[in-house]
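Asks: Contents of upload.txt (compact mmCIF, C-alpha atoms) are given next:
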# COMPACT_ATOMS: atom_id res chain seq x y z
CA MET A 1 0.00 0.00 0.00
CA VAL A 2 1.19 3.48 -0.83
CA PHE A 3 0.40 6.33 1.51
CA HIS A 4 1.16 9.99 1.50
CA THR A 5 0.83 12.88 3.91
CA LEU A 6 0.30 16.36 2.47
CA LYS A 7 2.08 19.50 3.63
CA ILE A 8 1.72 22.59 1.46
CA ILE A 9 2.49 26.28 1.63
CA CYS A 10 1.84 29.13 -0.76
CA PHE A 11 3.68 32.37 -1.39
CA CYS A 12 2.57 35.03 -3.84
CA LEU A 13 4.50 38.20 -4.69
CA VAL A 14 3.02 40.50 -7.31
CA GLY A 15 4.35 44.02 -7.33
CA TRP A 16 4.67 44.95 -3.67
CA SER A 17 2.07 42.61 -2.13
CA SER A 18 2.68 39.23 -0.55
CA LEU A 19 0.61 36.36 0.80
CA LEU A 20 1.75 33.69 3.22
CA PHE A 21 -0.03 31.12 5.36
CA ALA A 22 0.86 28.59 8.00
CA PHE A 23 2.38 25.17 7.47
CA THR A 24 3.57 22.08 9.33
CA PRO A 25 7.38 21.76 9.63
CA LEU A 26 9.01 19.03 7.58
CA GLN A 27 10.15 16.02 9.57
CA ALA A 28 11.66 13.64 7.03
CA GLY A 29 14.99 14.40 5.35
CA CYS A 30 17.45 13.36 2.65
CA ALA A 31 20.93 14.25 3.81
CA ASN A 32 22.54 12.56 0.82
CA ALA A 33 20.84 14.85 -1.71
CA GLN A 34 23.76 16.97 -2.92
CA THR A 35 22.78 17.36 -6.59
CA HIS A 36 19.56 17.24 -8.57
CA GLN A 37 19.53 13.44 -8.86
CA PRO A 38 16.60 11.24 -7.81
CA VAL A 39 17.18 8.99 -4.79
CA THR A 40 14.64 6.42 -5.99
CA GLY A 41 14.17 3.95 -8.82
CA PHE A 42 13.02 6.81 -11.05
CA THR A 43 15.53 8.22 -13.52
CA LEU A 44 16.31 11.92 -13.97
CA GLU A 45 14.50 11.76 -17.31
CA GLU A 46 11.38 10.45 -15.55
CA MET A 47 11.68 13.25 -13.01
CA GLU A 48 11.80 15.82 -15.82
CA GLN A 49 8.81 14.20 -17.49
CA GLY A 50 6.98 14.44 -14.17
CA GLU A 51 7.70 18.17 -13.94
CA GLN A 52 6.32 18.67 -17.44
CA GLU A 53 3.29 16.54 -16.63
CA MET A 54 2.44 18.79 -13.70
CA ILE A 55 2.69 21.84 -15.99
CA ARG A 56 0.32 20.08 -18.40
CA LEU A 57 -2.16 19.54 -15.55
CA VAL A 58 -1.88 23.18 -14.47
CA ASN A 59 -2.50 24.41 -18.00
CA ALA A 60 -5.43 22.02 -18.42
CA GLU A 61 -7.06 23.64 -15.38
CA ARG A 62 -6.51 27.07 -16.91
CA THR A 63 -7.86 26.05 -20.30
CA LYS A 64 -11.06 24.70 -18.72
CA ARG A 65 -11.64 28.15 -17.21
CA GLY A 66 -10.87 30.10 -20.36
CA LEU A 67 -7.50 31.38 -19.07
CA MET A 68 -4.33 31.68 -21.12
CA THR A 69 -1.93 28.80 -20.53
CA TYR A 70 1.37 29.42 -18.78
CA ASP A 71 4.55 29.39 -20.85
CA PHE A 72 7.34 27.17 -19.56
CA ASP A 73 10.45 29.01 -18.34
CA GLU A 74 13.69 27.10 -17.82
CA GLY A 75 14.99 29.76 -15.41
CA LEU A 76 11.95 29.34 -13.17
CA ARG A 77 12.46 25.58 -13.22
CA LEU A 78 16.04 26.02 -12.07
CA MET A 79 14.84 28.17 -9.16
CA ALA A 80 12.22 25.56 -8.28
CA ARG A 81 14.61 22.62 -8.43
CA LYS A 82 17.18 24.39 -6.30
CA HIS A 83 14.63 25.13 -3.60
CA SER A 84 13.08 21.64 -3.56
CA GLU A 85 16.48 20.02 -3.22
CA ASP A 86 17.68 22.50 -0.60
CA MET A 87 14.60 21.89 1.57
CA CYS A 88 15.18 18.16 1.33
CA ARG A 89 18.92 18.27 1.92
CA ARG A 90 18.72 20.60 4.91
CA HIS A 91 15.52 19.30 6.49
CA TYR A 92 13.19 22.30 6.37
CA PHE A 93 9.90 23.17 4.68
CA SER A 94 9.44 26.86 4.11
CA HIS A 95 9.67 29.63 1.53
CA GLN A 96 12.56 31.01 3.57
CA SER A 97 15.84 29.13 3.88
CA PRO A 98 17.48 28.73 7.30
CA GLU A 99 19.51 31.88 6.44
CA GLY A 100 16.33 33.80 5.68
CA LYS A 101 16.58 33.75 1.86
CA THR A 102 13.20 34.43 0.25
CA PRO A 103 11.81 33.57 -3.21
CA GLN A 104 12.91 37.05 -4.32
CA ASP A 105 16.46 36.30 -3.10
CA ARG A 106 16.45 33.05 -5.07
CA LYS A 107 15.32 34.90 -8.19
CA GLU A 108 18.24 37.30 -7.82
CA GLU A 109 20.66 34.41 -7.27
CA TYR A 110 19.50 31.90 -9.88
CA TYR A 111 17.60 34.04 -12.40
CA PRO A 112 18.95 37.61 -12.15
CA LYS A 113 18.14 38.43 -15.77
CA LEU A 114 14.40 38.19 -15.07
CA ILE A 115 12.42 41.34 -14.26
CA GLY A 116 8.89 40.72 -13.07
CA GLY A 117 6.65 39.67 -10.20
CA THR A 118 6.89 36.13 -8.86
CA GLY A 119 4.85 33.65 -6.86
CA GLU A 120 5.61 30.27 -5.33
CA ASN A 121 3.81 27.14 -4.14
CA ILE A 122 5.65 24.44 -2.21
CA HIS A 123 4.33 20.98 -1.46
CA GLN A 124 5.56 17.90 0.37
CA ILE A 125 4.13 14.40 0.53
CA SER A 126 5.45 11.43 2.47
CA VAL A 127 5.23 8.07 0.68
CA SER A 128 5.85 4.50 1.75
CA PRO A 129 9.35 3.11 1.06
CA GLY A 130 9.65 1.19 -2.18
CA PHE A 131 6.54 2.76 -3.67
CA GLU A 132 8.03 2.86 -7.16
CA GLU A 133 8.72 -0.88 -7.00
CA GLN A 134 5.04 -1.45 -6.22
CA GLY A 135 4.05 -0.09 -9.62
CA TYR A 136 3.24 3.39 -8.34
CA GLU A 137 3.91 5.38 -11.49
CA MET A 138 5.34 8.90 -11.54
CA LYS A 139 2.30 10.13 -13.45
CA ARG A 140 -0.02 8.97 -10.67
CA LEU A 141 2.13 10.59 -8.00
CA ILE A 142 2.08 13.91 -9.89
CA SER A 143 -1.67 13.65 -10.42
CA GLU A 144 -2.28 13.25 -6.68
CA ALA A 145 0.05 16.14 -5.84
CA HIS A 146 -1.77 18.36 -8.34
CA ARG A 147 -5.14 17.37 -6.92
CA ASP A 148 -3.98 18.27 -3.41
CA LEU A 149 -2.78 21.70 -4.55
CA MET A 150 -6.04 22.42 -6.35
CA CYS A 151 -7.94 21.57 -3.16
CA SER A 152 -6.11 24.39 -1.37
CA PRO A 153 -7.71 27.78 -2.18
CA LYS A 154 -4.48 29.78 -1.89
CA HIS A 155 -2.43 27.38 -4.02
CA LYS A 156 -5.28 27.25 -6.52
CA LYS A 157 -5.18 31.05 -6.68
CA ASN A 158 -1.57 30.96 -7.90
CA ILE A 159 -2.33 28.17 -10.36
CA LEU A 160 -5.26 30.10 -11.82
CA SER A 161 -3.80 33.61 -11.57
CA LYS A 162 -4.69 36.08 -14.31
CA LYS A 163 -1.47 38.02 -13.70
CA PHE A 164 1.19 35.33 -14.03
CA THR A 165 2.41 34.43 -17.52
CA HIS A 166 5.14 31.81 -16.98
CA ILE A 167 5.78 28.73 -14.87
CA GLY A 168 8.64 26.45 -13.89
CA ILE A 169 8.29 23.38 -11.66
CA GLY A 170 11.05 21.45 -9.95
CA PHE A 171 10.81 18.60 -7.49
CA PHE A 172 13.01 16.25 -5.58
CA LEU A 173 11.97 12.70 -4.84
CA THR A 174 13.42 10.22 -2.35
CA GLU A 175 12.27 6.81 -1.17
CA THR A 176 10.09 8.40 1.51
CA GLU A 177 9.02 11.81 0.25
CA MET A 178 8.55 14.17 -2.66
CA LEU A 179 9.17 17.91 -2.47
CA VAL A 180 7.60 20.11 -5.14
CA THR A 181 8.21 23.79 -5.84
CA GLN A 182 6.06 25.65 -8.36
CA ASN A 183 7.44 29.03 -9.43
CA PHE A 184 5.18 31.47 -11.25
CA ALA A 185 6.07 34.82 -12.78
CA GLU A 186 4.46 37.82 -14.39
CA GLU A 187 7.42 38.41 -16.66
CA VAL A 188 8.05 41.96 -17.83
CA ALA A 189 11.46 41.60 -19.46
CA LEU A 190 14.58 39.47 -19.69
CA SER A 191 17.97 41.17 -20.01
CA ASP A 192 20.45 39.79 -22.52
CA GLU A 193 23.46 39.97 -20.21
CA LEU A 194 24.22 40.29 -16.53
CA LEU A 195 25.39 43.68 -15.31
CA PRO A 196 28.21 44.11 -12.79
CA LYS A 197 26.76 44.52 -9.34
CA ILE A 198 29.43 47.03 -8.31
CA VAL A 199 30.24 50.10 -10.42
CA GLN A 200 33.09 52.49 -9.64
CA ASN A 201 32.67 55.31 -12.16
CA ASP A 202 30.08 57.35 -14.09
CA SER A 203 30.55 55.55 -17.41
CA ILE A 204 27.49 54.73 -19.51
CA ILE A 205 25.77 51.44 -18.70
CA THR A 206 23.69 49.82 -21.44
CA VAL A 207 20.99 47.23 -20.84
CA LYS A 208 19.60 45.27 -23.79
CA GLY A 209 16.76 42.86 -23.44
CA GLU A 210 13.44 41.50 -24.61
CA VAL A 211 9.95 42.15 -23.30
CA ARG A 212 8.15 39.06 -22.05
CA GLY A 213 4.65 37.84 -21.39
CA LYS A 214 1.93 40.43 -21.90
CA THR A 215 4.30 43.41 -21.87
CA ASN A 216 3.85 45.82 -24.75
CA LEU A 217 7.18 47.35 -25.73
CA ASN A 218 5.43 50.57 -26.73
CA ASN A 219 4.30 50.95 -23.10
CA LEU A 220 7.54 49.83 -21.43
CA GLN A 221 8.90 52.27 -18.85
CA ALA A 222 12.31 52.37 -17.19
CA TYR A 223 12.94 54.03 -13.84
CA LEU A 224 16.25 54.36 -12.01
CA VAL A 225 16.05 54.52 -8.21
CA ILE A 226 18.96 56.51 -6.75
CA PRO A 227 20.63 56.41 -3.30
CA ASP A 228 19.05 59.64 -2.00
CA PRO A 229 15.24 59.15 -1.70
CA LYS A 230 14.71 62.91 -1.28
CA LYS A 231 16.76 64.16 -4.23
CA GLU A 232 14.90 65.86 -7.07
CA CYS A 233 15.82 64.48 -10.49
CA ASP A 234 15.03 65.58 -14.04
CA ASN A 235 13.25 63.09 -16.30
CA TYR A 236 14.06 62.82 -19.99
CA ASP A 237 10.66 64.33 -20.91
CA GLY A 238 11.17 67.61 -19.00
CA THR A 239 9.29 66.62 -15.84
CA TYR A 240 10.96 65.71 -12.55
CA SER A 241 10.78 62.93 -9.95
CA ILE A 242 11.91 62.49 -6.35
CA GLY A 243 14.36 59.72 -5.42
CA GLY A 244 14.87 58.58 -9.00
CA TYR A 245 14.08 59.38 -12.61
CA PHE A 246 12.58 57.92 -15.79
CA LEU A 247 14.87 56.76 -18.59
CA PRO A 248 14.17 56.67 -22.33
CA VAL A 249 13.60 53.18 -23.78
CA GLU A 250 14.97 52.67 -27.28
CA LYS A 251 13.02 50.18 -29.40
CA LEU A 252 15.31 47.89 -31.42
CA THR A 253 12.76 45.42 -32.78
CA GLU A 254 9.15 44.50 -32.00
CA ARG A 255 10.31 42.81 -28.77
CA LYS A 256 13.88 44.01 -28.19
CA PHE A 257 14.91 47.21 -26.41
CA LYS A 258 17.93 49.16 -25.17
CA ILE A 259 18.29 51.43 -22.12
CA SER A 260 21.38 53.54 -21.39
CA PHE A 261 22.20 55.38 -18.16
CA SER A 262 24.96 56.17 -15.67
CA LEU A 263 25.18 56.04 -11.89
CA ASP A 264 25.94 59.74 -11.51
CA LYS A 265 23.82 60.65 -8.48
CA GLY A 266 26.38 59.77 -5.83
CA LYS A 267 27.59 56.61 -4.15
CA GLY A 268 25.22 53.98 -2.83
CA ASP A 269 22.46 51.63 -3.99
CA TYR A 270 20.71 52.02 -7.34
CA GLU A 271 17.97 49.92 -8.92
CA LEU A 272 16.78 49.83 -12.52
CA LYS A 273 13.05 49.04 -12.56
CA LEU A 274 10.93 48.17 -15.59
CA GLY A 275 7.17 48.19 -15.90
CA GLU A 276 4.12 49.68 -17.53
CA ARG A 277 1.83 52.57 -16.59
CA ASN A 278 3.95 53.51 -13.54
CA TYR A 279 3.64 49.98 -12.11
CA PHE A 280 7.10 48.56 -11.50
CA TYR A 281 8.64 45.35 -10.19
CA SER A 282 11.93 44.77 -8.40
CA GLY A 283 14.61 45.09 -11.03
CA ILE A 284 18.38 45.15 -11.50
CA LYS A 285 20.28 46.26 -8.40
CA LEU A 286 23.61 48.08 -8.68
CA ILE A 287 26.04 49.60 -6.20
CA LYS A 288 28.14 52.70 -6.91
CA GLU A 289 31.34 52.77 -4.86
Could you spell out this file's structure in structure tokens?

Replies:
Amino acid sequence: MVFHTLKIICFCLVGWSSLLFAFTPLQAGCANAQTHQPVTGFTLEEMEQGEQEMIRLVNAERTKRGLMTYDFDEGLRLMARKHSEDMCRRHYFSHQSPEGKTPQDRKEEYYPKLIGGTGENIHQISVSPGFEEQGYEMKRLISEAHRDLMCSPKHKKNILSKKFTHIGIGFFLTETEMLVTQNFAEEVALSDELLPKIVQNDSIITVKGEVRGKTNLNNLQAYLVIPDPKKECDNYDGTYSIGGYFLPVEKLTERKFKISFSLDKGKGDYELKLGERNYFYSGIKLIKE
């Protein structure tokens, strides 16, 4: 007989809002999980097929309700896999790591080119040892995990969100448990290259990238937050802002853009934000020394 015990938690971050609810701490562990390799009779290929199967189930739910399907994003899957494995390896079950790293921190670490709002579901089920040898197929395990998530209103809200555009799912499976992380994103843009985090002069910095999801390049805005939140700054259109300023966005193609600027408002922390209609997400962080 195969049994499983459900433990789930949901995190949603869109713009500046967040949602979090209580969970039961993880008890089981997998101390030998050092890389993304299954610790069961399932192969890595079967694990990857399981991740894609869960995306298929998510998109089927959306299609039934007349919602646009999520696009798969490899960067979001990397984030998800890293978190599922880390929870298993270090025996915790939370959106925050033991050091306090949040989903936003993981985005900056594993997917720094992405600019947009993110959300996260995590899920853990305990299974009986040797379940795969008893003919318990991966597809059935994924189906039950998906059903459990859809039965939770707050996880269902992320799955059926009208804001998110992309998804990546990563899980880690051992002989006694499966950990699932679902990462969602309302993707605004993806930069072509990583920028240096520390800048030491006023030279011109150029960011090239591509708009993503539902973003219309004709409406794309760029805003540079400066170290002094009270400083008055001139915008490129003759207006002014406080604590930062708008930058011109050069259209290269129907989806590609270029933004040029310099960190010339003193030493400290800067952040390049992108968005539409004065609605911005956390962006590219830079430090002027």

Asks: What does the structure give for the distance between atom CA of Tyr279 of chain A and atom CA of Arg62 of chain A, in Å to one decimal?

Replies: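 Taking atom CA of Tyr279 of chain A and atom CA of Arg62 of chain A, their separation equals 25.5 Å.
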
Asks: Counting only C-alpha atoms, which residue out of A:Asn183, A:Ser241, A:Asn278, A:Thr176 sits closest to Gly75 of chain A?

Replies: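 Among the listed residues, the smallest separation from Gly75 of chain A belongs to A:Asn183.
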
Asks: Compile a residue-level contact table for segment 179-208 of chain A against segment 102-116 of chain A at a cut-off of 12 Å, reporting for every qualifying residue the shortest atom pair and its distance in Å to one decimal, with all atoms listed in the file counted, rows ordered by chain and ascending number, as a tab-separated table.

Replies:
residue	atom	partner	partner_atom	distance
A:Thr181	CA	A:Pro103	CA	10.7
A:Gln182	CA	A:Pro103	CA	11.1
A:Asn183	CA	A:Pro103	CA	8.9
A:Phe184	CA	A:Gly116	CA	10.1
A:Ala185	CA	A:Gly116	CA	6.5
A:Glu186	CA	A:Gly116	CA	5.5
A:Glu187	CA	A:Gly116	CA	4.5
A:Val188	CA	A:Gly116	CA	5.0
A:Ala189	CA	A:Ile115	CA	5.3
A:Leu190	CA	A:Leu114	CA	4.8
A:Ser191	CA	A:Lys113	CA	5.1
A:Asp192	CA	A:Lys113	CA	7.3
A:Glu193	CA	A:Lys113	CA	7.1
A:Leu194	CA	A:Lys113	CA	6.4
A:Leu195	CA	A:Lys113	CA	9.0
A:Pro196	CA	A:Pro112	CA	11.3
A:Lys197	CA	A:Pro112	CA	10.8
A:Val207	CA	A:Lys113	CA	10.5
A:Lys208	CA	A:Lys113	CA	10.6

Asks: I'd like to know which of A:Met150, A:Leu263, A:Cys88, A:Ile169 is closest to Glu120 of chain A, using all atoms listed in the file.

Replies: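 Looking at the shortest contact to Glu120 of chain A, the residue is A:Ile169.
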
Asks: For each of A:Glu276, A:Glu74, A:Glu53, A:Glu48, take the minimum atom-to-atom distance to Ile167 of chain A, counting all atoms listed in the file, then give the residue where this is smallest.

Replies: A:Glu74

Asks: Excluding Leu274 of chain A and its own-chain neighbours fewer than 2 positions away, which residues fall within 6 Å of it when counting all atoms listed in the file? Please give them as an MDAnalysis selection string.

Replies: chainID A and resid 221:222 280

Asks: List the neighbours of Ser161 of chain A out to 12 Å using all atoms listed in the file; skip same-chain residues closer than 3 positions along the sequence, and give me the result as a ChimeraX atom specification.

Replies: /A:12-14,58-59,61-62,65-70,118-120,153-158,164-167,184-186

Asks: Write out as a ChimeraX atom specification which residues come within 7 Å of Val249 of chain A when counting only C-alpha atoms, dropping same-chain ones fewer than 2 positions away.

Replies: /A:221-222,247,251,257-259

Asks: Hey, could you pull the box centre and edge lengths for segment 62-69 of chain A, axis-aligned, 6 Å padding per side, all listed atoms, to one decimal in Å, as lines of an AutoDock Vina configuration file?

Replies:
center_x = -6.8
center_y = 28.2
center_z = -19.0
size_x = 21.7
size_y = 19.0
size_z = 16.2

Asks: Between A:Thr215, A:Ile159, A:Gly168, A:Lys139, which is the closest to His83 of chain A once you count all atoms listed in the file?

Replies: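 Ranked by minimum distance to His83 of chain A, first place goes to A:Gly168.
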
Asks: Can you work out the spacing between atom CA of Arg255 of chain A and atom CA of Thr206 of chain A in Å, to one decimal?

Replies: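 According to the coordinates, atom CA of Arg255 of chain A and atom CA of Thr206 of chain A are separated by 16.8 Å.
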
Asks: Quick one: residues within 8 Å of Lys267 of chain A, only C-alpha atoms counted, chain neighbours fewer than 3 positions away excluded, as a PyMOL selection string?

Replies: chain A and resi 227+287-289

Asks: Quick one: distance from atom CA of Leu272 of chain A to atom CA of Val225 of chain A in Å, one decimal?

Replies: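 Computing it gives 6.4 Å between the two atoms.
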
Asks: Tell me which of A:Leu57, A:Leu217, A:Val180, A:Ile198 sits closest to Glu254 of chain A, counting all atoms listed in the file.

Replies: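 For Glu254 of chain A, the nearest of the given residues is A:Leu217.
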
Asks: Measuring between all atoms listed in the file, which one of A:Glu232, A:Asp237, A:Glu45, A:Glu144 shows the shortest distance to Met178 of chain A?

Replies: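 The closest residue to Met178 of chain A is A:Glu144.
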